[in-house]
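Next comes target_32.pdb, with PDB, C-alpha atoms.
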```pdb
ATOM      1  CA  MET A   1       8.547 -10.067   9.838
ATOM      2  CA  LYS A   2       6.503 -13.210   9.284
ATOM      3  CA  THR A   3       6.045 -14.650   5.797
ATOM      4  CA  THR A   4       3.118 -16.924   5.053
ATOM      5  CA  THR A   5       1.887 -18.418   1.777
ATOM      6  CA  PHE A   6      -1.850 -18.520   1.146
ATOM      7  CA  SER A   7      -3.586 -20.338  -1.718
ATOM      8  CA  LEU A   8      -6.723 -18.450  -2.679
ATOM      9  CA  PHE A   9      -9.194 -18.833  -5.507
ATOM     10  CA  ALA A  10      -8.467 -16.172  -8.103
ATOM     11  CA  SER A  11     -11.772 -14.417  -7.464
ATOM     12  CA  LEU A  12     -10.876 -13.911  -3.797
ATOM     13  CA  VAL A  13      -7.479 -12.257  -4.225
ATOM     14  CA  LEU A  14      -8.303  -8.783  -2.858
ATOM     15  CA  GLY A  15      -9.259  -7.643  -6.378
ATOM     16  CA  ALA A  16      -9.745  -9.272  -9.755
ATOM     17  CA  SER A  17      -7.827  -6.474 -11.496
ATOM     18  CA  ALA A  18      -4.635  -7.170  -9.598
ATOM     19  CA  ALA A  19      -1.766  -8.880 -11.377
ATOM     20  CA  PRO A  20      -1.165 -12.470 -10.232
ATOM     21  CA  ILE A  21       1.945 -13.194  -8.186
ATOM     22  CA  ALA A  22       2.289 -16.721  -9.506
ATOM     23  CA  ALA A  23       0.796 -18.535 -12.476
ATOM     24  CA  ALA A  24      -2.715 -19.856 -12.016
ATOM     25  CA  SER A  25      -3.177 -23.607 -11.839
ATOM     26  CA  ASN A  26      -6.677 -25.105 -11.776
ATOM     27  CA  GLY A  27      -8.129 -21.718 -10.871
ATOM     28  CA  VAL A  28      -5.828 -21.232  -7.870
ATOM     29  CA  ILE A  29      -3.291 -18.451  -7.475
ATOM     30  CA  THR A  30      -0.497 -18.743  -4.917
ATOM     31  CA  VAL A  31       0.214 -15.423  -3.230
ATOM     32  CA  GLN A  32       3.365 -14.842  -1.215
ATOM     33  CA  VAL A  33       2.275 -12.560   1.621
ATOM     34  CA  SER A  34       4.696 -10.737   3.896
ATOM     35  CA  LEU A  35       3.198  -9.964   7.271
ATOM     36  CA  ASP A  36       4.622  -7.390   9.655
ATOM     37  CA  MET A  37       2.765  -8.590  12.717
ATOM     38  CA  ASN A  38       4.812  -6.844  15.441
ATOM     39  CA  GLN A  39       6.484 -10.123  16.327
ATOM     40  CA  ALA A  40       7.527  -9.240  19.883
ATOM     41  CA  GLY A  41       3.916  -8.705  20.870
ATOM     42  CA  ILE A  42       2.714 -11.748  18.977
ATOM     43  CA  ALA A  43       5.271 -14.021  20.639
ATOM     44  CA  ALA A  44       4.265 -12.747  24.060
ATOM     45  CA  THR A  45       0.507 -13.087  23.622
ATOM     46  CA  ASN A  46       0.095 -15.626  20.800
ATOM     47  CA  ALA A  47      -2.643 -13.248  19.649
ATOM     48  CA  PHE A  48      -2.425 -13.675  15.871
ATOM     49  CA  ASP A  49      -5.238 -15.728  14.354
ATOM     50  CA  ALA A  50      -4.674 -16.468  10.648
ATOM     51  CA  ASN A  51      -8.417 -17.084  10.240
ATOM     52  CA  GLN A  52      -8.976 -13.373  10.861
ATOM     53  CA  LEU A  53      -6.440 -12.228   8.249
ATOM     54  CA  PHE A  54      -9.054 -11.236   5.677
ATOM     55  CA  ALA A  55     -11.767 -10.134   8.120
ATOM     56  CA  PHE A  56     -11.948  -6.484   7.061
ATOM     57  CA  THR A  57     -13.927  -3.709   8.689
ATOM     58  CA  SER A  58     -13.702  -1.725   5.426
ATOM     59  CA  MET A  59     -12.085  -1.806   2.004
ATOM     60  CA  GLN A  60     -10.727   0.792  -0.392
ATOM     61  CA  HIS A  61     -10.124   0.588  -4.145
ATOM     62  CA  ILE A  62      -8.095   3.498  -5.536
ATOM     63  CA  ASN A  63      -7.275   4.222  -9.165
ATOM     64  CA  ALA A  64      -4.073   6.284  -9.125
ATOM     65  CA  VAL A  65      -3.052   8.542 -12.017
ATOM     66  CA  PRO A  66      -0.281  11.092 -12.633
ATOM     67  CA  GLU A  67      -2.743  13.961 -13.068
ATOM     68  CA  GLU A  68      -3.595  13.859  -9.350
ATOM     69  CA  VAL A  69       0.000  14.437  -8.162
ATOM     70  CA  VAL A  70       0.733  17.775  -6.481
ATOM     71  CA  ASN A  71       3.707  19.376  -4.800
ATOM     72  CA  GLY A  72       2.164  21.383  -1.999
ATOM     73  CA  THR A  73      -0.963  22.377  -3.904
ATOM     74  CA  GLU A  74       0.720  22.794  -7.307
ATOM     75  CA  PRO A  75      -0.042  20.073  -9.888
ATOM     76  CA  THR A  76       3.128  18.417 -11.220
ATOM     77  CA  GLY A  77       1.785  16.081 -13.899
ATOM     78  CA  GLY A  78       3.358  13.076 -12.173
ATOM     79  CA  LEU A  79       4.896  10.385 -14.357
ATOM     80  CA  ALA A  80       3.234  10.526 -17.771
ATOM     81  CA  GLY A  81       1.801   7.219 -18.969
ATOM     82  CA  ALA A  82       1.895   5.544 -15.559
ATOM     83  CA  SER A  83      -1.139   4.299 -13.648
ATOM     84  CA  GLY A  84      -1.881   2.111 -10.688
ATOM     85  CA  THR A  85      -4.451   0.348  -8.551
ATOM     86  CA  PHE A  86      -4.290   0.302  -4.757
ATOM     87  CA  ILE A  87      -6.618  -2.176  -3.049
ATOM     88  CA  PHE A  88      -6.722  -2.012   0.736
ATOM     89  CA  GLY A  89      -8.514  -4.136   3.308
ATOM     90  CA  LEU A  90      -8.579  -2.579   6.783
ATOM     91  CA  ASN A  91      -9.105  -4.310  10.097
ATOM     92  CA  SER A  92      -9.427  -1.548  12.672
ATOM     93  CA  ALA A  93      -9.741  -3.955  15.617
ATOM     94  CA  ALA A  94      -6.297  -5.387  14.809
ATOM     95  CA  ASN A  95      -4.829  -2.084  13.505
ATOM     96  CA  MET A  96      -3.948  -4.001  10.330
ATOM     97  CA  ILE A  97      -4.044  -3.161   6.641
ATOM     98  CA  CYS A  98      -3.778  -5.657   3.792
ATOM     99  CA  TYR A  99      -2.734  -4.341   0.400
ATOM    100  CA  ASN A 100      -2.618  -5.384  -3.234
ATOM    101  CA  ILE A 101      -0.826  -2.713  -5.274
ATOM    102  CA  THR A 102      -0.390  -2.914  -9.049
ATOM    103  CA  LEU A 103       1.555  -0.368 -11.102
ATOM    104  CA  HIS A 104       1.567  -0.038 -14.888
ATOM    105  CA  ASN A 105       4.321   1.656 -16.905
ATOM    106  CA  PHE A 106       6.320   2.799 -13.873
ATOM    107  CA  GLN A 107       9.621   4.331 -15.000
ATOM    108  CA  GLY A 108      12.787   5.353 -13.188
ATOM    109  CA  GLU A 109      13.815   4.121  -9.733
ATOM    110  CA  PHE A 110      11.696   4.156  -6.608
ATOM    111  CA  SER A 111      12.813   7.231  -4.676
ATOM    112  CA  SER A 112      11.607   8.749  -1.396
ATOM    113  CA  PRO A 113      12.967   9.976   1.950
ATOM    114  CA  ALA A 114      10.738   7.320   3.553
ATOM    115  CA  THR A 115      11.699   3.679   4.075
ATOM    116  CA  THR A 116       9.957   2.864   0.772
ATOM    117  CA  ALA A 117       8.492   4.954  -2.042
ATOM    118  CA  THR A 118       4.924   3.599  -1.848
ATOM    119  CA  HIS A 119       2.632   5.079   0.801
ATOM    120  CA  ILE A 120      -0.612   6.184   2.285
ATOM    121  CA  HIS A 121      -0.296   9.903   3.075
ATOM    122  CA  GLU A 122      -2.575  12.014   5.212
ATOM    123  CA  ALA A 123      -3.503  14.492   2.484
ATOM    124  CA  ALA A 124      -6.818  15.625   1.056
ATOM    125  CA  LYS A 125      -7.332  15.837  -2.700
ATOM    126  CA  GLY A 126      -5.134  18.562  -4.191
ATOM    127  CA  ALA A 127      -2.899  18.883  -1.128
ATOM    128  CA  SER A 128       0.296  17.312   0.212
ATOM    129  CA  GLY A 129       0.816  15.681   3.589
ATOM    130  CA  PRO A 130       3.071  13.271   5.494
ATOM    131  CA  PRO A 131       3.212   9.522   4.858
ATOM    132  CA  ARG A 132       1.468   7.469   7.553
ATOM    133  CA  ILE A 133       2.104   3.958   6.197
ATOM    134  CA  SER A 134       4.958   2.737   3.961
ATOM    135  CA  PHE A 135       4.342  -0.321   1.791
ATOM    136  CA  PRO A 136       6.895  -2.527   0.027
ATOM    137  CA  ASN A 137       7.558  -1.165  -3.455
ATOM    138  CA  PRO A 138       5.869  -3.253  -6.159
ATOM    139  CA  GLU A 139       8.206  -5.642  -7.966
ATOM    140  CA  PRO A 140       8.198  -6.559 -11.679
ATOM    141  CA  VAL A 141       5.707  -9.150 -12.881
ATOM    142  CA  GLY A 142       7.406 -10.561 -15.969
ATOM    143  CA  ALA A 143      10.704  -9.690 -17.601
ATOM    144  CA  ASP A 144       9.630  -6.384 -19.156
ATOM    145  CA  ALA A 145       8.574  -4.811 -15.804
ATOM    146  CA  VAL A 146       5.614  -3.069 -17.458
ATOM    147  CA  VAL A 147       3.498  -4.389 -14.582
ATOM    148  CA  ARG A 148       4.676  -4.346 -10.974
ATOM    149  CA  ASN A 149       2.862  -5.744  -7.950
ATOM    150  CA  SER A 150       3.128  -6.094  -4.193
ATOM    151  CA  ALA A 151       0.668  -7.779  -1.833
ATOM    152  CA  GLY A 152       0.654  -8.468   1.873
ATOM    153  CA  CYS A 153      -0.451  -7.163   5.256
ATOM    154  CA  LEU A 154       1.018  -4.724   7.781
ATOM    155  CA  LYS A 155       0.090  -4.360  11.426
ATOM    156  CA  GLY A 156       0.785  -1.295  13.563
ATOM    157  CA  PRO A 157       2.759   0.265  15.047
ATOM    158  CA  PHE A 158       3.762   1.781  11.698
ATOM    159  CA  VAL A 159       7.138   3.270  10.793
ATOM    160  CA  THR A 160       7.718   5.426   7.699
ATOM    161  CA  GLY A 161      11.249   6.756   8.266
ATOM    162  CA  VAL A 162      10.054  10.344   7.778
ATOM    163  CA  MET A 163      10.486  12.598  10.810
ATOM    164  CA  VAL A 164       7.855  15.267  11.539
ATOM    165  CA  ASP A 165       8.278  17.449  14.630
ATOM    166  CA  GLY A 166      10.880  15.064  15.993
ATOM    167  CA  LYS A 167       8.949  11.815  15.603
ATOM    168  CA  ASP A 168       8.301   9.298  12.865
ATOM    169  CA  SER A 169       5.214  10.246  10.822
ATOM    170  CA  GLY A 170       3.804   6.746  11.356
ATOM    171  CA  GLU A 171       4.069   6.949  15.140
ATOM    172  CA  GLY A 172       0.671   6.727  16.820
ATOM    173  CA  PHE A 173      -1.122   6.179  13.530
ATOM    174  CA  HIS A 174      -4.060   3.754  13.558
ATOM    175  CA  VAL A 175      -5.981   2.464  10.541
ATOM    176  CA  SER A 176      -9.215   3.517  12.257
ATOM    177  CA  MET A 177      -8.163   7.087  11.404
ATOM    178  CA  ILE A 178      -8.561   6.194   7.724
ATOM    179  CA  GLU A 179     -11.986   4.726   8.340
ATOM    180  CA  ALA A 180     -13.064   7.829  10.270
ATOM    181  CA  ASN A 181     -12.242  10.164   7.358
ATOM    182  CA  PRO A 182     -11.020   8.342   4.228
ATOM    183  CA  THR A 183     -11.091  11.443   1.998
ATOM    184  CA  ALA A 184      -8.311  12.904   4.156
ATOM    185  CA  PHE A 185      -5.897  10.216   2.860
ATOM    186  CA  MET A 186      -4.301   9.319  -0.450
ATOM    187  CA  ALA A 187      -2.141   6.542  -1.876
ATOM    188  CA  ASP A 188       0.865   7.122  -4.119
ATOM    189  CA  THR A 189       4.276   5.979  -5.257
ATOM    190  CA  HIS A 190       7.345   8.080  -6.043
ATOM    191  CA  SER A 191       9.879   7.816  -8.870
ATOM    192  CA  SER A 192      13.323   9.298  -9.400
ATOM    193  CA  LEU A 193      11.739  10.822 -12.540
ATOM    194  CA  ALA A 194       8.839  12.296 -10.548
ATOM    195  CA  LEU A 195       9.969  12.889  -6.980
ATOM    196  CA  PRO A 196       6.738  14.509  -5.669
ATOM    197  CA  GLY A 197       4.898  11.446  -6.956
ATOM    198  CA  ALA A 198       4.560   9.278 -10.046
ATOM    199  CA  ILE A 199       0.848   8.526  -9.522
ATOM    200  CA  ARG A 200      -1.683   9.307  -6.853
ATOM    201  CA  GLY A 201      -5.276   8.643  -5.913
ATOM    202  CA  ASN A 202      -7.368   9.736  -2.929
ATOM    203  CA  LEU A 203      -9.366   7.348  -0.817
ATOM    204  CA  ALA A 204     -13.136   7.734  -0.700
TER     205      ALA A 204
END
```

Translate the structure described by the file into structure tokens.
Amino acid sequence: MKTTTFSLFASLVLGASAAPIAAASNGVITVQVSLDMNQAGIAATNAFDANQLFAFTSMQHINAVPEEVVNGTEPTGGLAGASGTFIFGLNSAANMICYNITLHNFQGEFSSPATTATHIHEAAKGASGPPRISFPNPEPVGADAVVRNSAGCLKGPFVTGVMVDGKDSGEGFHVSMIEANPTAFMADTHSSLALPGAIRGNLA
């Protein structure tokens, strides 16, 4: 895991609707970005170029709501009053995804069989499916924790911690699969008060 700090003008932080990570000063927001850049490979090839970090081949902006959550194909209602925004920048050449995830009114504890409770699943609208990418759970912004945020970048190979047919559900997954058929994927987060999902939104 490599951690790098980037200073970006507020208008360039993946989305203007995202909650800031640190207070703005002279129009600049400091974002602490955690990068999972597959360090063994990077050390061997010195292949990582920070100038390419925000060179995306596509982007996604998802509004996630509790009404979209299903268990199988049965609507559950999710976590009433919660909402979220998932902003993704994909770089298919590097098999990398950058994320800026903001949750509002999340309640309970993050809970999932996966390594985290915040994911991209391979699942069309109205259906369930396995997680393909696990993201760090958003952390409180402010003392009241009404708003939570996480931002950073992940590079494959991806690991979710969920086993499907004897292998991790992230194994062999490539972000180009999202670009090939975005409507086959959704983003969500799970709560101990809404185990099938607190909020959800499909990519488009």

Which is closest to Phe56 of chain A among A:Ala80, A:Leu90, A:Val70, A:Val164, if we use only C-alpha atoms?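 Among the listed residues, A:Leu90 lies closest to Phe56 of chain A.
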
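With distances restricted to all atoms listed in the file, A:Asn202 is the closest residue to Asn181 of chain A from A:Asn91, A:Asn71, A:Asn202, A:Asn105.
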
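Among the candidates A:Ser191, A:Ile101, A:Met96, A:Val141, the residue lying nearest to Ala64 of chain A is A:Ile101 (atoms considered: only C-alpha atoms).
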
note - atom CA of Pro157 of chain A and atom CA of Thr189 of chain A are separated by 21.1 Å

Hey, which of A:Met186, A:Cys98, A:Ala117, A:Leu79 ends up closest to Gly129 of chain A? Count all atoms listed in the file.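 For Gly129 of chain A, the nearest of the candidates is A:Met186.
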
Completed segment 171-185 of chain A (N, CA and C atoms) as an mmCIF file, in the frame of the given file:
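Okay, this is what ended up in selection34.cif:
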```cif
data_model
loop_
_atom_site.group_PDB
_atom_site.id
_atom_site.type_symbol
_atom_site.label_atom_id
_atom_site.label_comp_id
_atom_site.auth_asym_id
_atom_site.auth_seq_id
_atom_site.Cartn_x
_atom_site.Cartn_y
_atom_site.Cartn_z
ATOM 1 N N GLU A 171 4.237 7.178 13.700
ATOM 2 C CA GLU A 171 4.069 6.949 15.140
ATOM 3 C C GLU A 171 2.672 7.355 15.594
ATOM 4 N N GLY A 172 2.009 6.453 16.295
ATOM 5 C CA GLY A 172 0.671 6.727 16.820
ATOM 6 C C GLY A 172 -0.434 6.608 15.795
ATOM 7 N N PHE A 173 -0.082 6.272 14.551
ATOM 8 C CA PHE A 173 -1.122 6.179 13.530
ATOM 9 C C PHE A 173 -1.875 4.870 13.663
ATOM 10 N N HIS A 174 -3.193 4.926 13.454
ATOM 11 C CA HIS A 174 -4.060 3.754 13.558
ATOM 12 C C HIS A 174 -4.962 3.720 12.330
ATOM 13 N N VAL A 175 -5.184 2.537 11.763
ATOM 14 C CA VAL A 175 -5.981 2.464 10.541
ATOM 15 C C VAL A 175 -7.411 2.953 10.752
ATOM 16 N N SER A 176 -7.879 2.978 11.991
ATOM 17 C CA SER A 176 -9.215 3.517 12.257
ATOM 18 C C SER A 176 -9.318 4.988 11.870
ATOM 19 N N MET A 177 -8.167 5.685 11.834
ATOM 20 C CA MET A 177 -8.163 7.087 11.404
ATOM 21 C C MET A 177 -8.541 7.195 9.932
ATOM 22 N N ILE A 178 -8.154 6.216 9.130
ATOM 23 C CA ILE A 178 -8.561 6.194 7.724
ATOM 24 C C ILE A 178 -10.061 5.977 7.623
ATOM 25 N N GLU A 179 -10.558 5.020 8.402
ATOM 26 C CA GLU A 179 -11.986 4.726 8.340
ATOM 27 C C GLU A 179 -12.838 5.907 8.819
ATOM 28 N N ALA A 180 -12.313 6.690 9.745
ATOM 29 C CA ALA A 180 -13.064 7.829 10.270
ATOM 30 C C ALA A 180 -13.201 8.946 9.242
ATOM 31 N N ASN A 181 -12.214 9.076 8.341
ATOM 32 C CA ASN A 181 -12.242 10.164 7.358
ATOM 33 C C ASN A 181 -11.395 9.790 6.143
ATOM 34 N N PRO A 182 -11.855 8.842 5.323
ATOM 35 C CA PRO A 182 -11.020 8.342 4.228
ATOM 36 C C PRO A 182 -10.615 9.402 3.217
ATOM 37 N N THR A 183 -11.441 10.424 2.991
ATOM 38 C CA THR A 183 -11.091 11.443 1.998
ATOM 39 C C THR A 183 -9.906 12.303 2.429
ATOM 40 N N ALA A 184 -9.479 12.166 3.676
ATOM 41 C CA ALA A 184 -8.311 12.904 4.156
ATOM 42 C C ALA A 184 -7.012 12.160 3.853
ATOM 43 N N PHE A 185 -7.077 11.033 3.129
ATOM 44 C CA PHE A 185 -5.897 10.216 2.860
ATOM 45 C C PHE A 185 -5.785 9.898 1.377
#
```
